[in-house]
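Some notes on the structure that comes next.
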Amino acid sequence: MKIGGPFLDPARLPPAKRWYLSYFVPKKNPDGTLVLREGRAVLERKRPYFDSKEEAQEEKPAIAARYAAAGVSPGGGVLTREQTADYEAARQIAPEVSAAELARFWRLHHPLSATRKIRELVPDFLASIEARLGRTAGVEDLKSRVGIFALTFGDRLPETISRSEILRWLESKPRGPRHRGGPPQGRTILNLKQAVCRFFNWMLAQDPPLVSQNPASHISRAQLPKIRVNEIEFLSLDSSARYLRALERYDPELVAHEVVQLLAGVRADDEMANFSGDWVFPETREVVIPAAIAKTERREVISTLEPIFWEWWHAYGRRGILRPKNYPNRWRRIRILASILDERRADEVAALGWAALWKVPEAASLPAWPWNARRRTFTTYHVAKHQNAHGTALILRHRGEAETLHNSYRGHGVTPAQGTLYFGQVPRKVRDPITPPLAARPARGIVRILMERTRAPAA
């Protein structure tokens with residue numbers, strides 16, 4: 001409702017009121033109904049007078065509020081009695097929000113056309129990513145992070161999710177490290193934010209777009225927890241030696257898989273799951289990382305490895321996928337056996353089945369395995385031996401500055417002599433290794449009965 005003035009009426013003389021306001025309101029019949037003309041309300045001019053200009057100015061908000069309560073719109077139109085009642089009811093429910101905002105919120109949550117929820121869109125998003133990139137470790141991580149997002153927002157429509165909600169969701173995540181030696185939680189929260197941002201970007205790219213904007217893209221690094229870099233943790237000379245000897249004595253099939261990491265620095269997270277012995281070429285002293293598994297998504301070649309790697313590969317290398325079946329249990333078994341200093345005791349434990357093995361005291365007191373331990377162990381001793389981070393960075397296929405690598409892996413008390421000892425651990429094949437059980441679970445049912453019959457003496 002537009003109210004003009006205050007205006008001075010020069011035709012009026014004191015002591016008459018000379019200042020007035022001017023506005024139009026719907027004209028009413030004696031019975032209180034509106035005067036209509038062709039279906040529209042007829043407006044009449046109102047011109048109240050006041051003693052002073054200040055008094056007239058102060059009265060303007062009160063007049064506007066009075067007519068707004070009566071149903072007069074800012075454009076001079078009017079509401080029906082039913083519309084006025086609806087408006088008053090809405091104002092009582094949410095007096096701090098305008099009617100337009102209430103209507104917009106309703107339409108957002110009750111769209112005219114069919115709209116899918118977050119839970120229904122996640123499978124399509126992940127399928128499109130997997131079709132383009134394949135089933136890599138990065139894609140698996142993305143599945144996990146978007147799945148965490150869907151646990152909270154799965155029943156919501158994408159357009160109803162705001163930036164502030166996503167930020168509160170990220171802030172609700174724990175701030176401390178997830179596990180000893182693991183990556184800091186600040187990095188985990190940033191990875192979650194980036195996964196959600198990627199999900200909304202995919203929705204924006206659809207035809208037609210599934211959202212009007214990406215709410216996660218406006219969340220800056222400054223609003224997230226600070227990423228704190230942990231100190232480098234690696235295996236000591238004694239621990240690495242006992243680990244290699246335990247591999248040879250108790251599970252030789254694992255040796256090739258482990259030395260590719262311990263003596264060649266190949267990445268564990270995204271390269272070893274499908275690493276093949278066919279990519280190791282003793283004739284040219286090269287290890288080739290195909291583009292399909294390389295972190296950089298392009299073929300990479302390692303050609304300056306220590307001679308000791310080729311000795312181990314000559315003793316234990318093989319063609320085909322290096323990671324054997326039931327790898328997690330077999331790797332944990334080796335860690336338990338490597339932690340036992342008494343070889344006779346270690347041999348006794350090595351002969352146990354899986355269920356009994358997990359119950360030995362050494363399994364309960366097994367120390368935490370440092371995060372990315374094999375690659376970091378290789379890097380620490382290689383930098384210490386050669387005092388040349390540039391050469392180590394070439395093997396690791398680092399694209400960053402060698403100075404950063406140098407500073408990260410120095411200052412741990414590792415001398416060049418210790419580096420030489422690390423790369424001087426020669427293979428020592430064991431004639432009768434105590435290999436792990438064939439099955440991951442104890443035999444049951446008819447299989448167990450048949451095994452007992454074959455072991456029982458003849459009647």
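For the structure tokens, the naming scheme is as follows: chains receive sequential letters (A, B, ...) according to their order of presentation, residues are indexed from 1 within each chain, and ligands are indexed from 1 in presentation order.
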Near-range 47-62 of chain A list (7 Å; only C-alpha atoms; drop same-chain fewer than 6 positions) as a PDB file with N, CA and C atoms, in the first residue's frame:
```pdb
ATOM      1  N   PRO A   6       4.202  13.280   3.987  1.00  0.00           N
ATOM      2  CA  PRO A   6       3.230  14.345   4.334  1.00  0.00           C
ATOM      3  C   PRO A   6       3.285  15.536   3.359  1.00  0.00           C
ATOM      4  N   LYS A  17      -5.674  21.894  11.224  1.00  0.00           N
ATOM      5  CA  LYS A  17      -4.616  20.941  10.867  1.00  0.00           C
ATOM      6  C   LYS A  17      -4.257  21.132   9.400  1.00  0.00           C
ATOM      7  N   ARG A  18      -2.970  21.309   9.096  1.00  0.00           N
ATOM      8  CA  ARG A  18      -2.560  21.664   7.745  1.00  0.00           C
ATOM      9  C   ARG A  18      -1.786  20.548   7.023  1.00  0.00           C
ATOM     10  N   TRP A  19      -1.234  19.545   7.739  1.00  0.00           N
ATOM     11  CA  TRP A  19      -0.423  18.483   7.110  1.00  0.00           C
ATOM     12  C   TRP A  19      -1.286  17.239   6.897  1.00  0.00           C
ATOM     13  N   TYR A  20      -1.181  16.659   5.710  1.00  0.00           N
ATOM     14  CA  TYR A  20      -2.031  15.499   5.414  1.00  0.00           C
ATOM     15  C   TYR A  20      -1.234  14.425   4.666  1.00  0.00           C
ATOM     16  N   LEU A  21      -1.809  13.210   4.713  1.00  0.00           N
ATOM     17  CA  LEU A  21      -1.309  12.063   3.943  1.00  0.00           C
ATOM     18  C   LEU A  21      -2.329  11.730   2.875  1.00  0.00           C
ATOM     19  N   SER A  22      -1.876  11.036   1.835  1.00  0.00           N
ATOM     20  CA  SER A  22      -2.780  10.700   0.737  1.00  0.00           C
ATOM     21  C   SER A  22      -2.563   9.251   0.318  1.00  0.00           C
ATOM     22  N   TYR A  23      -3.669   8.470   0.258  1.00  0.00           N
ATOM     23  CA  TYR A  23      -3.577   7.075  -0.181  1.00  0.00           C
ATOM     24  C   TYR A  23      -4.955   6.623  -0.634  1.00  0.00           C
TER      25      TYR A  23
END
```
- Interatomic distance, CA of Arg163 in chain A to CA of Arg132 in chain A (Å, one decimal): 28.3 Å
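For the pair CA of Thr160 in chain A and CA of Thr115 in chain A, the separation is 11.4 Å.
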- Item | For Asp238 in chain A: contacts at 12 Å, only C-alpha atoms, fewer than 3 positions along chain excluded, given as a PyMOL selection string | chain A and resi 234-235+241-245+338-339+341+418+421-422+425
C-alpha atoms of the current selection, written as an mmCIF file, in the first residue's frame:
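As a result, part_15.cif now contains:
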```cif
data_model
loop_
_atom_site.group_PDB
_atom_site.id
_atom_site.type_symbol
_atom_site.label_atom_id
_atom_site.label_comp_id
_atom_site.auth_asym_id
_atom_site.auth_seq_id
_atom_site.Cartn_x
_atom_site.Cartn_y
_atom_site.Cartn_z
ATOM 1 C CA PHE A 234 57.466 -46.505 9.179
ATOM 2 C CA LEU A 235 58.864 -49.938 10.058
ATOM 3 C CA ALA A 241 63.580 -57.822 8.775
ATOM 4 C CA ARG A 242 61.301 -59.946 10.984
ATOM 5 C CA TYR A 243 58.373 -59.189 8.654
ATOM 6 C CA LEU A 244 60.285 -60.371 5.563
ATOM 7 C CA ARG A 245 61.530 -63.523 7.330
ATOM 8 C CA ALA A 338 56.386 -61.583 12.881
ATOM 9 C CA SER A 339 55.669 -60.077 16.300
ATOM 10 C CA LEU A 341 60.409 -63.277 18.878
ATOM 11 C CA GLN A 418 70.795 -48.007 7.987
ATOM 12 C CA LEU A 421 71.270 -52.267 5.582
ATOM 13 C CA TYR A 422 67.583 -52.045 4.648
ATOM 14 C CA GLN A 425 68.291 -57.823 3.221
#
```
